[in-house]
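*Asks:* Just structure23.cif, nothing more (mmCIF, C-alpha atoms):
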data_structure
loop_
_atom_site.label_atom_id
_atom_site.label_comp_id
_atom_site.auth_asym_id
_atom_site.auth_seq_id
_atom_site.Cartn_x
_atom_site.Cartn_y
_atom_site.Cartn_z
CA MET W 1 -48.52 -75.53 -67.90
CA PHE W 2 -49.73 -73.60 -70.93
CA SER W 3 -53.22 -74.41 -72.11
CA LYS W 4 -52.93 -76.18 -75.45
CA ILE W 5 -56.29 -74.88 -76.64
CA LEU W 6 -55.44 -71.26 -75.81
CA ILE W 7 -52.10 -71.50 -77.60
CA LYS W 8 -53.84 -72.97 -80.62
CA LEU W 9 -56.54 -70.28 -80.60
CA ILE W 10 -53.94 -67.50 -80.37
CA ASP W 11 -52.01 -69.12 -83.19
CA GLU W 12 -55.13 -69.30 -85.37
CA ALA W 13 -56.24 -65.75 -84.52
CA ILE W 14 -53.14 -63.94 -85.80
CA VAL W 15 -53.63 -64.50 -89.55
CA PRO W 16 -57.31 -63.39 -89.68
CA ALA W 17 -56.47 -60.31 -87.58
CA ILE W 18 -53.75 -59.21 -90.00
CA LEU W 19 -55.97 -60.04 -92.97
CA LEU W 20 -58.88 -57.97 -91.63
CA LEU W 21 -56.64 -55.00 -90.82
CA THR W 22 -55.13 -55.11 -94.30
CA VAL W 23 -58.51 -55.45 -95.98
CA ARG W 24 -59.86 -52.48 -94.04
CA LEU W 25 -56.98 -50.16 -94.94
CA VAL W 26 -56.68 -51.27 -98.56
CA SER W 27 -60.45 -51.25 -99.14
CA VAL W 28 -60.84 -47.69 -97.81
CA ILE W 29 -58.12 -46.43 -100.16
CA LEU W 30 -59.24 -48.41 -103.20
CA ILE W 31 -62.96 -47.75 -102.83
CA SER W 32 -62.49 -44.01 -102.31
CA ARG W 33 -60.22 -43.88 -105.37
CA GLN W 34 -62.72 -45.92 -107.39
CA LEU W 35 -65.63 -43.67 -106.43
CA GLY W 36 -63.55 -40.51 -106.82
CA ILE W 37 -64.08 -39.42 -103.24
CA PRO W 38 -61.20 -37.32 -101.89
CA PHE W 39 -59.81 -37.90 -98.41
CA SER W 40 -56.93 -36.70 -96.29
CA VAL W 41 -54.89 -38.56 -93.71
CA GLY W 42 -54.87 -36.78 -90.38
CA GLU W 43 -54.59 -37.54 -86.69
CA SER W 44 -57.92 -39.36 -86.70
CA GLY W 45 -57.02 -41.50 -89.74
CA PHE W 46 -58.77 -41.11 -93.07
CA VAL W 47 -60.75 -37.87 -93.00
CA PHE W 48 -63.54 -37.41 -95.55
CA GLY W 49 -65.15 -34.18 -96.63
CA SER W 50 -68.75 -34.98 -95.80
CA PRO W 51 -70.76 -37.43 -93.69
CA THR W 52 -72.37 -38.89 -96.84
CA ASP W 53 -68.97 -39.86 -98.26
CA TYR W 54 -67.95 -41.28 -94.90
CA VAL W 55 -71.03 -43.51 -94.64
CA ARG W 56 -70.62 -44.67 -98.24
CA ILE W 57 -66.95 -45.62 -97.90
CA ASN W 58 -67.48 -47.10 -94.44
CA SER W 59 -70.30 -49.32 -95.70
CA TYR W 60 -68.40 -50.66 -98.71
CA SER W 61 -65.30 -51.19 -96.59
CA MET W 62 -67.35 -53.15 -94.05
CA LEU W 63 -68.72 -55.21 -96.90
CA ALA W 64 -65.17 -55.95 -98.07
CA MET W 65 -64.25 -57.05 -94.55
CA LEU W 66 -67.29 -59.30 -94.42
CA GLY W 67 -66.29 -60.75 -97.79
CA ALA W 68 -62.76 -61.48 -96.55
CA LEU W 69 -64.20 -63.11 -93.45
CA MET W 70 -66.55 -65.23 -95.51
CA ILE W 71 -63.68 -66.40 -97.73
CA GLY W 72 -61.69 -67.49 -94.68
CA LEU W 73 -64.69 -69.06 -93.02
CA GLY W 74 -65.71 -70.77 -96.25
CA TYR W 75 -62.22 -72.26 -96.54
CA ALA W 76 -62.47 -73.59 -92.97
CA LEU W 77 -65.98 -74.94 -93.58
CA ILE W 78 -65.01 -76.68 -96.84
CA LYS W 79 -62.12 -78.33 -95.08
CA SER W 80 -64.32 -79.47 -92.22
CA PHE W 81 -67.07 -80.76 -94.52
CA PHE W 82 -65.01 -82.54 -97.15
CA PHE W 83 -61.47 -82.99 -95.82
CA HIS W 84 -62.14 -83.71 -92.16
CA SER W 85 -59.92 -86.61 -91.11
CA SER W 86 -62.82 -88.22 -89.25
CA HIS W 87 -65.13 -88.59 -92.25
CA ILE W 88 -63.12 -88.04 -95.43
CA SER W 89 -63.82 -90.79 -97.97
CA PRO W 90 -60.98 -93.15 -98.89
CA LYS W 91 -61.26 -92.18 -102.54
CA LEU W 92 -60.86 -88.47 -101.76
CA THR W 93 -58.01 -89.25 -99.38
CA ALA W 94 -56.20 -91.07 -102.17
CA ARG W 95 -56.84 -88.21 -104.57
CA VAL W 96 -55.65 -85.59 -102.07
CA PHE W 97 -52.48 -87.49 -101.32
CA SER W 98 -51.78 -88.10 -104.97
CA LEU W 99 -52.07 -84.35 -105.61
CA ARG W 100 -49.72 -83.70 -102.68
CA LEU W 101 -52.41 -81.71 -100.87
CA SER W 102 -52.28 -83.71 -97.68
CA PHE W 103 -52.32 -80.49 -95.60
CA PHE W 104 -56.01 -80.21 -96.48
CA VAL W 105 -56.79 -83.23 -94.33
CA GLN W 106 -56.96 -82.03 -90.73
CA ASN W 107 -58.34 -83.31 -87.48
CA SER W 108 -61.15 -81.84 -85.39
CA PHE W 109 -58.84 -79.90 -83.09
CA GLU W 110 -57.28 -78.01 -85.99
CA LEU W 111 -60.52 -77.42 -87.88
CA TYR W 112 -62.71 -76.41 -84.97
CA SER W 113 -60.18 -74.02 -83.45
CA GLN W 114 -59.85 -72.37 -86.87
CA GLY W 115 -63.63 -72.28 -87.36
CA ALA W 116 -64.22 -70.88 -83.86
CA ILE W 117 -61.80 -68.01 -84.48
CA TRP W 118 -63.29 -67.08 -87.86
CA ILE W 119 -66.84 -67.24 -86.48
CA SER W 120 -65.79 -65.10 -83.49
CA TYR W 121 -64.44 -62.47 -85.85
CA LEU W 122 -67.61 -62.62 -87.91
CA PHE W 123 -69.89 -62.07 -84.93
CA LEU W 124 -67.68 -59.34 -83.47
CA LEU W 125 -67.75 -57.53 -86.79
CA LEU W 126 -71.49 -58.08 -86.97
CA LEU W 127 -71.90 -56.55 -83.53
CA VAL W 128 -69.91 -53.46 -84.47
CA THR W 129 -71.77 -53.16 -87.79
CA GLY W 130 -75.08 -53.35 -85.94
CA VAL W 131 -74.08 -50.54 -83.58
CA MET W 132 -72.81 -48.44 -86.48
CA ALA W 133 -76.01 -49.06 -88.46
CA LEU W 134 -78.00 -48.00 -85.42
CA PHE W 135 -76.21 -44.65 -85.36
CA GLY W 136 -76.40 -44.23 -89.14
CA LEU W 137 -72.67 -44.68 -89.76
CA VAL W 138 -73.23 -47.68 -92.05
CA TYR W 139 -76.04 -48.57 -94.44
CA ALA W 140 -78.51 -50.87 -92.68
CA TRP W 141 -78.44 -53.42 -95.52
CA VAL W 142 -74.74 -54.12 -94.80
CA PHE W 143 -75.75 -55.29 -91.34
CA TYR W 144 -78.54 -57.49 -92.74
CA VAL W 145 -76.17 -59.06 -95.30
CA GLY W 146 -73.66 -59.78 -92.53
CA LEU W 147 -76.37 -61.19 -90.30
CA GLY W 148 -77.53 -63.55 -93.06
CA LEU W 149 -73.98 -64.74 -93.77
CA GLY W 150 -73.27 -65.15 -90.07
CA VAL W 151 -76.37 -67.24 -89.46
CA LEU W 152 -75.62 -69.39 -92.52
CA ALA W 153 -72.00 -69.98 -91.44
CA ALA W 154 -73.06 -70.79 -87.88
CA ILE W 155 -75.64 -73.33 -89.12
CA LEU W 156 -73.10 -75.05 -91.40
CA PHE W 157 -70.56 -75.12 -88.61
CA VAL W 158 -73.05 -76.65 -86.16
CA ILE W 159 -74.06 -79.28 -88.75
CA ASP W 160 -70.43 -80.36 -89.05
CA VAL W 161 -69.98 -80.46 -85.29
CA GLU W 162 -73.13 -82.60 -84.98
CA LYS W 163 -71.78 -84.94 -87.66
CA GLU W 164 -68.56 -85.24 -85.70
CA ILE W 165 -70.43 -85.96 -82.48
CA ASN W 166 -72.42 -88.72 -84.21
CA ILE W 167 -69.23 -90.26 -85.56
CA ASN W 168 -67.69 -90.26 -82.09
CA ARG W 169 -70.79 -91.97 -80.70
CA LEU W 170 -70.32 -94.93 -83.05
CA ASN W 171 -68.16 -97.68 -81.68
CA GLY W 172 -65.31 -99.32 -83.51
CA GLU W 173 -67.39 -102.28 -84.68
CA GLU W 174 -69.36 -100.15 -87.05
CA PHE W 175 -66.18 -99.24 -88.90
CA ASP W 176 -65.24 -102.88 -89.49
CA TYR W 177 -66.49 -102.73 -93.07
CA TYR W 178 -63.47 -100.61 -93.92
CA GLU W 179 -61.31 -103.68 -93.40
CA ASP W 180 -63.08 -105.49 -96.27
CA GLU W 181 -62.65 -102.63 -98.65
CA GLU W 182 -59.45 -102.56 -100.62
CA VAL W 183 -58.12 -99.04 -101.12
CA VAL W 184 -55.42 -98.44 -103.71
CA LEU W 185 -53.50 -95.22 -103.42
CA GLU W 186 -52.28 -93.88 -106.72
CA PHE W 187 -49.34 -91.53 -106.49
CA GLY W 188 -47.78 -89.51 -109.23
CA GLU W 189 -44.92 -90.67 -111.39
CA ASP W 190 -42.44 -89.08 -109.01
CA TYR W 191 -43.15 -91.82 -106.53
CA VAL W 192 -42.38 -94.69 -108.93
CA MET P 1 -50.69 -75.02 -54.80
CA PHE P 2 -48.21 -72.42 -56.05
CA LYS P 3 -47.93 -74.25 -59.34
CA HIS P 4 -51.69 -74.02 -59.85
CA ILE P 5 -51.64 -70.28 -59.24
CA GLN P 6 -48.78 -69.89 -61.69
CA THR P 7 -50.69 -71.86 -64.32
CA LEU P 8 -53.81 -69.81 -63.68
CA VAL P 9 -51.93 -66.54 -64.06
CA ILE P 10 -50.24 -67.63 -67.29
CA ASN P 11 -53.49 -68.89 -68.77
CA SER P 12 -55.26 -65.66 -67.79
CA LEU P 13 -52.57 -63.71 -69.59
CA LEU P 14 -53.07 -65.94 -72.62
CA VAL P 15 -56.81 -65.23 -72.52
CA VAL P 16 -56.11 -61.50 -72.38
CA LEU P 17 -53.72 -61.87 -75.31
CA LEU P 18 -56.33 -63.80 -77.28
CA LEU P 19 -59.00 -61.18 -76.61
CA GLY P 20 -56.54 -58.45 -77.60
CA ILE P 21 -55.81 -60.16 -80.90
CA LEU P 22 -59.54 -60.65 -81.51
CA VAL P 23 -60.33 -56.98 -80.88
CA MET P 24 -57.30 -55.64 -82.79
CA PRO P 25 -58.91 -55.62 -86.30
CA LEU P 26 -61.98 -53.89 -84.92
CA THR P 27 -59.87 -50.94 -83.79
CA SER P 28 -59.24 -50.23 -87.46
CA LEU P 29 -62.94 -49.40 -87.79
CA GLY P 30 -62.27 -46.14 -85.95
CA LEU P 31 -59.64 -45.05 -88.43
CA MET P 32 -62.15 -43.00 -90.38
CA ALA P 33 -63.62 -39.60 -89.66
CA TYR P 34 -65.29 -36.76 -91.51
CA LYS P 35 -65.16 -32.99 -91.36
CA ALA P 36 -68.36 -31.22 -90.50
CA PRO P 37 -68.08 -27.88 -92.32
CA SER P 38 -71.78 -27.10 -92.02
CA GLN P 39 -71.62 -27.53 -88.27
CA THR P 40 -68.69 -25.11 -87.99
CA GLN P 41 -70.52 -22.56 -90.11
CA VAL P 42 -73.61 -22.79 -87.96
CA LEU P 43 -71.57 -22.22 -84.83
CA SER P 44 -69.81 -19.17 -86.29
CA ALA P 45 -73.10 -17.91 -87.68
CA GLN P 46 -74.63 -18.26 -84.24
CA ASP P 47 -71.76 -16.29 -82.77
CA LYS P 48 -72.22 -13.54 -85.36
CA GLN P 49 -75.94 -13.54 -84.78
CA LYS P 50 -75.34 -13.14 -81.06
CA ASP P 51 -73.02 -10.16 -81.59
CA PHE P 52 -75.50 -8.63 -84.01
CA GLN P 53 -78.36 -9.03 -81.53
CA GLU P 54 -76.35 -7.36 -78.79
CA GLN P 55 -75.48 -4.47 -81.06
CA LEU P 56 -79.10 -4.15 -82.14
CA GLU P 57 -80.26 -4.11 -78.55
CA LYS P 58 -77.78 -1.35 -77.72
CA GLU P 59 -79.02 0.72 -80.64
CA ARG P 60 -82.65 0.19 -79.60
CA ARG P 61 -81.85 1.27 -76.08
CA TYR P 62 -80.08 4.38 -77.41
CA TYR P 63 -83.01 5.13 -79.74
CA ARG P 64 -85.54 4.76 -76.91
CA MET P 65 -83.43 6.98 -74.69
CA MET P 66 -83.18 9.61 -77.42
CA ARG P 67 -86.92 9.51 -77.99
CA GLU P 68 -87.52 9.83 -74.27
CA ILE P 69 -85.27 12.87 -74.09
CA GLN P 70 -86.91 14.38 -77.14
CA ARG P 71 -90.41 13.81 -75.69
CA GLU P 72 -89.44 15.30 -72.36
CA SER P 73 -87.93 18.35 -73.98
CA SER P 74 -90.96 18.87 -76.24
CA GLU P 75 -93.33 18.45 -73.27
CA SER P 76 -91.39 20.97 -71.24
CA THR P 77 -91.33 23.43 -74.15
CA GLU P 78 -95.08 22.96 -74.67
CA SER P 79 -95.92 23.44 -71.00
CA SER P 80 -93.80 26.59 -70.71
CA ALA P 81 -95.40 28.01 -73.87
CA THR P 82 -98.91 27.26 -72.58
CA ARG P 83 -98.01 28.83 -69.29
CA SER P 84 -96.78 32.01 -70.95
CA ILE P 85 -99.88 32.19 -73.21
CA SER P 86 -102.22 31.76 -70.30
CA GLN P 87 -100.37 34.47 -68.44
CA THR P 88 -100.45 37.00 -71.31
CA ALA P 89 -103.92 36.13 -72.67
CA PRO P 90 -106.00 34.36 -70.06
CA ASN P 91 -109.19 34.54 -72.16
CA ALA P 92 -107.65 33.17 -75.37
CA PRO P 93 -109.12 29.91 -76.68
CA ARG P 94 -106.96 26.87 -76.03
CA LEU P 95 -106.11 24.08 -78.43
CA GLN P 96 -107.73 20.76 -77.73
CA GLU P 97 -105.09 18.05 -77.12
#
Please express what this file holds, its structure, as C-alpha cells.
*Replies:*
Amino acid sequence: MFSKILIKLIDEAIVPAILLLTVRLVSVILISRQLGIPFSVGESGFVFGSPTDYVRINSYSMLAMLGALMIGLGYALIKSFFFHSSHISPKLTARVFSLRLSFFVQNSFELYSQGAIWISYLFLLLLVTGVMALFGLVYAWVFYVGLGLGVLAAILFVIDVEKEININRLNGEEFDYYEDEEVVLEFGEDYV
Amino acid sequence: MFKHIQTLVINSLLVVLLLGILVMPLTSLGLMAYKAPSQTQVLSAQDKQKDFQEQLEKERRYYRMMREIQRESSESTESSATRSISQTAPNAPRLQE
C-alpha cells in the first residue's frame, strides 16, 4: 500500500533537514559573534544593522550549510565507493566486521536513497544561493563554490551508479572465482 | 479500483510530505533581515523637502502679490502726480521715462 521508496526517502530526509536548520541558526549566531556584528531578534528573525553586514553573515552562513551538506554527502559517497555491499572487497569486509563496524556495509537501496536526498538538498541550496547571488544578497563566489562542489558530487555519484549497473550486468558465472578464494575472518578476542 | 485510488492518494500525500521536508531547511534562509536606516532618512527628508517647497512657494506667491500691489500703487501715484503737474503747469518740461 505504502510506497517503500517514498517511505525510505522520507526517512532519509529528516536527519539532513534538521542538520541544515541547526547549522543555519548556529552559524548565523556564531559568525556574527566572531565578526563582532551586532544583531537583534525580531519578527523577521535575525535583524542586522546594515545591508553589508547582512550579506556578509548570509554568505558565510550559506558556506557553512554547504560545508555541512558536503560532509553528509561525502559520508554517503565514501560508503557507496568503499563499503557498498555489491563491490566491497573480502579483505575490507573482514576488517569492517572485526572492528564491529558492520553498519558501514549497506546495499544499493540504502546508499542510493541516502545519496539522492543529500544531492537533492545540495542542488536546492545551490538554486537558492544562485537566486540570492543574482539579487546581491550573497557573495557570488559562494554560489560558484557550491556549484563546483555540486558538480563534483554529482559526477562521483554517477560513477558509482555506473559501477553498480556494470556489476548487475555481469552474470553469476563471472563471480565463480570467489569460490576458489579462501577468506578468513578475524574477529576480536571477545569472540574467542 | 477503489484500492488503487486509496494507494494513489496515500502515495501523493507521502510525496507532499517528502517535498515539505526537503523545502523545510530552505525556509530558514529567510530568517534574516536588515534595517535600512538610510532609506528611512531619505523618505523623511523627502517629506521635509516637500513641506519646505510648499512653504517656499507660498512665500513667493505672497512676495509677488506684494510687489504687484506696490507697483500698482506707485503707478497710480505717479499718474495722478503727472496729471496734477500737467494741469497746473502745462508748459513744464516732462521727465523722460
*Asks:* Which is closest to chain P among W:Arg24, W:Arg100, W:Arg169, W:His84, if we use only C-alpha atoms?
*Replies:*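 Counting only C-alpha atoms, the residue closest to chain P is W:Arg24.
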*Asks:* Given a cut-off of 9 Å, which residues of chain W touch chain P, counting only C-alpha atoms, written out as a VMD selection string?
*Replies:* chain W and resid 1 to 3 6 to 7 9 to 10 13 to 14 16 to 22 24 to 25 28 39 44 to 51 53 to 54 58 62 117 120 to 121 124 to 125 128
*Asks:* Generate a file of the selected residues that holds C-alpha atoms, formatted as a PDB file, in the frame of the given file.
*Replies:*
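So selection-v4.pdb came out as:
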ATOM      1  CA  MET W   1     -48.520 -75.530 -67.900  1.00  0.00           C
ATOM      2  CA  PHE W   2     -49.730 -73.600 -70.930  1.00  0.00           C
ATOM      3  CA  SER W   3     -53.220 -74.410 -72.110  1.00  0.00           C
ATOM      4  CA  LEU W   6     -55.440 -71.260 -75.810  1.00  0.00           C
ATOM      5  CA  ILE W   7     -52.100 -71.500 -77.600  1.00  0.00           C
ATOM      6  CA  LEU W   9     -56.540 -70.280 -80.600  1.00  0.00           C
ATOM      7  CA  ILE W  10     -53.940 -67.500 -80.370  1.00  0.00           C
ATOM      8  CA  ALA W  13     -56.240 -65.750 -84.520  1.00  0.00           C
ATOM      9  CA  ILE W  14     -53.140 -63.940 -85.800  1.00  0.00           C
ATOM     10  CA  PRO W  16     -57.310 -63.390 -89.680  1.00  0.00           C
ATOM     11  CA  ALA W  17     -56.470 -60.310 -87.580  1.00  0.00           C
ATOM     12  CA  ILE W  18     -53.750 -59.210 -90.000  1.00  0.00           C
ATOM     13  CA  LEU W  19     -55.970 -60.040 -92.970  1.00  0.00           C
ATOM     14  CA  LEU W  20     -58.880 -57.970 -91.630  1.00  0.00           C
ATOM     15  CA  LEU W  21     -56.640 -55.000 -90.820  1.00  0.00           C
ATOM     16  CA  THR W  22     -55.130 -55.110 -94.300  1.00  0.00           C
ATOM     17  CA  ARG W  24     -59.860 -52.480 -94.040  1.00  0.00           C
ATOM     18  CA  LEU W  25     -56.980 -50.160 -94.940  1.00  0.00           C
ATOM     19  CA  VAL W  28     -60.840 -47.690 -97.810  1.00  0.00           C
ATOM     20  CA  PHE W  39     -59.810 -37.900 -98.410  1.00  0.00           C
ATOM     21  CA  SER W  44     -57.920 -39.360 -86.700  1.00  0.00           C
ATOM     22  CA  GLY W  45     -57.020 -41.500 -89.740  1.00  0.00           C
ATOM     23  CA  PHE W  46     -58.770 -41.110 -93.070  1.00  0.00           C
ATOM     24  CA  VAL W  47     -60.750 -37.870 -93.000  1.00  0.00           C
ATOM     25  CA  PHE W  48     -63.540 -37.410 -95.550  1.00  0.00           C
ATOM     26  CA  GLY W  49     -65.150 -34.180 -96.630  1.00  0.00           C
ATOM     27  CA  SER W  50     -68.750 -34.980 -95.800  1.00  0.00           C
ATOM     28  CA  PRO W  51     -70.760 -37.430 -93.690  1.00  0.00           C
ATOM     29  CA  ASP W  53     -68.970 -39.860 -98.260  1.00  0.00           C
ATOM     30  CA  TYR W  54     -67.950 -41.280 -94.900  1.00  0.00           C
ATOM     31  CA  ASN W  58     -67.480 -47.100 -94.440  1.00  0.00           C
ATOM     32  CA  MET W  62     -67.350 -53.150 -94.050  1.00  0.00           C
ATOM     33  CA  ILE W 117     -61.800 -68.010 -84.480  1.00  0.00           C
ATOM     34  CA  SER W 120     -65.790 -65.100 -83.490  1.00  0.00           C
ATOM     35  CA  TYR W 121     -64.440 -62.470 -85.850  1.00  0.00           C
ATOM     36  CA  LEU W 124     -67.680 -59.340 -83.470  1.00  0.00           C
ATOM     37  CA  LEU W 125     -67.750 -57.530 -86.790  1.00  0.00           C
ATOM     38  CA  VAL W 128     -69.910 -53.460 -84.470  1.00  0.00           C
TER      39      VAL W 128
END
*Asks:* For the structure provided, state which residues fall under the PyMOL selection byres ((chain W and resi 129) around 10), and present them as a ChimeraX atom specification.
*Replies:* /W:58-59,62-63,123-128,130-135,137-140,142-144,146-147 /P:29
*Asks:* Pick the closest to W:Gly115 from W:Trp141, W:Asp160, W:Gly148, W:Leu92: which is it, counting all atoms listed in the file?
*Replies:*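 When distances to W:Gly115 are compared using all atoms listed in the file, the smallest one comes from W:Asp160.
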*Asks:* Residues at most 12 Å from W:Tyr75, counting all atoms listed in the file, excluding those fewer than 4 positions away in the same chain, as a ChimeraX atom specification?
*Replies:* /W:68-71,79-83,104,111,114-115,118,153,157
*Asks:* Between atom CA of W:Ile119 and atom CA of W:Leu73, what is the distance, to one decimal in Å?
*Replies:*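 Computing the Euclidean distance for atom CA of W:Ile119 and atom CA of W:Leu73 yields 7.1 Å.
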*Asks:* Please indicate the distance in Å from atom CA of W:Gln106 to atom CA of W:Ser85, rounded to one decimal place.
*Replies:*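 Computing the Euclidean distance for atom CA of W:Gln106 and atom CA of W:Ser85 yields 5.5 Å.
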*Asks:* With N, CA and C atoms retained, output stretch 97-119 of chain W as a PDB file, in the first residue's frame.
*Replies:*
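New file out_35.pdb:
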ATOM      1  N   PHE W  97      34.071  -6.071   9.782  1.00  0.00           N
ATOM      2  CA  PHE W  97      33.350  -6.902  10.756  1.00  0.00           C
ATOM      3  C   PHE W  97      34.162  -7.115  12.029  1.00  0.00           C
ATOM      4  N   SER W  98      35.477  -7.192  11.850  1.00  0.00           N
ATOM      5  CA  SER W  98      36.307  -7.377  13.038  1.00  0.00           C
ATOM      6  C   SER W  98      36.313  -6.130  13.918  1.00  0.00           C
ATOM      7  N   LEU W  99      36.129  -4.968  13.288  1.00  0.00           N
ATOM      8  CA  LEU W  99      36.065  -3.710  14.058  1.00  0.00           C
ATOM      9  C   LEU W  99      34.639  -3.391  14.516  1.00  0.00           C
ATOM     10  N   ARG W 100      33.761  -4.310  14.299  1.00  0.00           N
ATOM     11  CA  ARG W 100      32.332  -4.153  14.663  1.00  0.00           C
ATOM     12  C   ARG W 100      31.695  -2.934  14.002  1.00  0.00           C
ATOM     13  N   LEU W 101      32.088  -2.677  12.769  1.00  0.00           N
ATOM     14  CA  LEU W 101      31.521  -1.544  12.024  1.00  0.00           C
ATOM     15  C   LEU W 101      30.686  -2.062  10.846  1.00  0.00           C
ATOM     16  N   SER W 102      29.952  -3.115  11.105  1.00  0.00           N
ATOM     17  CA  SER W 102      29.212  -3.747  10.013  1.00  0.00           C
ATOM     18  C   SER W 102      28.120  -2.830   9.446  1.00  0.00           C
ATOM     19  N   PHE W 103      27.705  -1.811  10.227  1.00  0.00           N
ATOM     20  CA  PHE W 103      26.659  -0.903   9.720  1.00  0.00           C
ATOM     21  C   PHE W 103      27.148  -0.049   8.553  1.00  0.00           C
ATOM     22  N   PHE W 104      28.485  -0.034   8.344  1.00  0.00           N
ATOM     23  CA  PHE W 104      29.026   0.687   7.196  1.00  0.00           C
ATOM     24  C   PHE W 104      28.662  -0.002   5.878  1.00  0.00           C
ATOM     25  N   VAL W 105      28.558  -1.310   5.933  1.00  0.00           N
ATOM     26  CA  VAL W 105      28.281  -2.074   4.710  1.00  0.00           C
ATOM     27  C   VAL W 105      26.778  -2.029   4.449  1.00  0.00           C
ATOM     28  N   GLN W 106      26.405  -1.364   3.359  1.00  0.00           N
ATOM     29  CA  GLN W 106      24.983  -1.213   3.038  1.00  0.00           C
ATOM     30  C   GLN W 106      24.725  -1.588   1.591  1.00  0.00           C
ATOM     31  N   ASN W 107      23.471  -1.870   1.314  1.00  0.00           N
ATOM     32  CA  ASN W 107      23.131  -2.229  -0.072  1.00  0.00           C
ATOM     33  C   ASN W 107      22.777  -0.980  -0.893  1.00  0.00           C
ATOM     34  N   SER W 108      22.512  -1.215  -2.173  1.00  0.00           N
ATOM     35  CA  SER W 108      22.268  -0.088  -3.090  1.00  0.00           C
ATOM     36  C   SER W 108      21.042   0.719  -2.691  1.00  0.00           C
ATOM     37  N   PHE W 109      20.001   0.046  -2.246  1.00  0.00           N
ATOM     38  CA  PHE W 109      18.771   0.746  -1.875  1.00  0.00           C
ATOM     39  C   PHE W 109      19.027   1.776  -0.766  1.00  0.00           C
ATOM     40  N   GLU W 110      19.768   1.344   0.232  1.00  0.00           N
ATOM     41  CA  GLU W 110      20.084   2.241   1.363  1.00  0.00           C
ATOM     42  C   GLU W 110      20.958   3.398   0.893  1.00  0.00           C
ATOM     43  N   LEU W 111      22.022   3.045   0.171  1.00  0.00           N
ATOM     44  CA  LEU W 111      23.025   4.055  -0.202  1.00  0.00           C
ATOM     45  C   LEU W 111      22.477   5.067  -1.201  1.00  0.00           C
ATOM     46  N   TYR W 112      21.743   4.570  -2.193  1.00  0.00           N
ATOM     47  CA  TYR W 112      21.283   5.487  -3.236  1.00  0.00           C
ATOM     48  C   TYR W 112      20.133   6.374  -2.757  1.00  0.00           C
ATOM     49  N   SER W 113      19.305   5.861  -1.867  1.00  0.00           N
ATOM     50  CA  SER W 113      18.244   6.731  -1.329  1.00  0.00           C
ATOM     51  C   SER W 113      18.878   7.853  -0.491  1.00  0.00           C
ATOM     52  N   GLN W 114      19.898   7.480   0.284  1.00  0.00           N
ATOM     53  CA  GLN W 114      20.617   8.473   1.094  1.00  0.00           C
ATOM     54  C   GLN W 114      21.313   9.508   0.190  1.00  0.00           C
ATOM     55  N   GLY W 115      22.020   9.001  -0.816  1.00  0.00           N
ATOM     56  CA  GLY W 115      22.739   9.880  -1.750  1.00  0.00           C
ATOM     57  C   GLY W 115      21.785  10.806  -2.495  1.00  0.00           C
ATOM     58  N   ALA W 116      20.635  10.275  -2.912  1.00  0.00           N
ATOM     59  CA  ALA W 116      19.670  11.081  -3.670  1.00  0.00           C
ATOM     60  C   ALA W 116      19.148  12.237  -2.813  1.00  0.00           C
ATOM     61  N   ILE W 117      18.900  11.949  -1.541  1.00  0.00           N
ATOM     62  CA  ILE W 117      18.391  13.008  -0.647  1.00  0.00           C
ATOM     63  C   ILE W 117      19.446  14.093  -0.448  1.00  0.00           C
ATOM     64  N   TRP W 118      20.682  13.686  -0.164  1.00  0.00           N
ATOM     65  CA  TRP W 118      21.744  14.679   0.073  1.00  0.00           C
ATOM     66  C   TRP W 118      21.992  15.520  -1.173  1.00  0.00           C
ATOM     67  N   ILE W 119      21.987  14.857  -2.345  1.00  0.00           N
ATOM     68  CA  ILE W 119      22.208  15.605  -3.593  1.00  0.00           C
ATOM     69  C   ILE W 119      21.035  16.548  -3.865  1.00  0.00           C
TER      70      ILE W 119
END
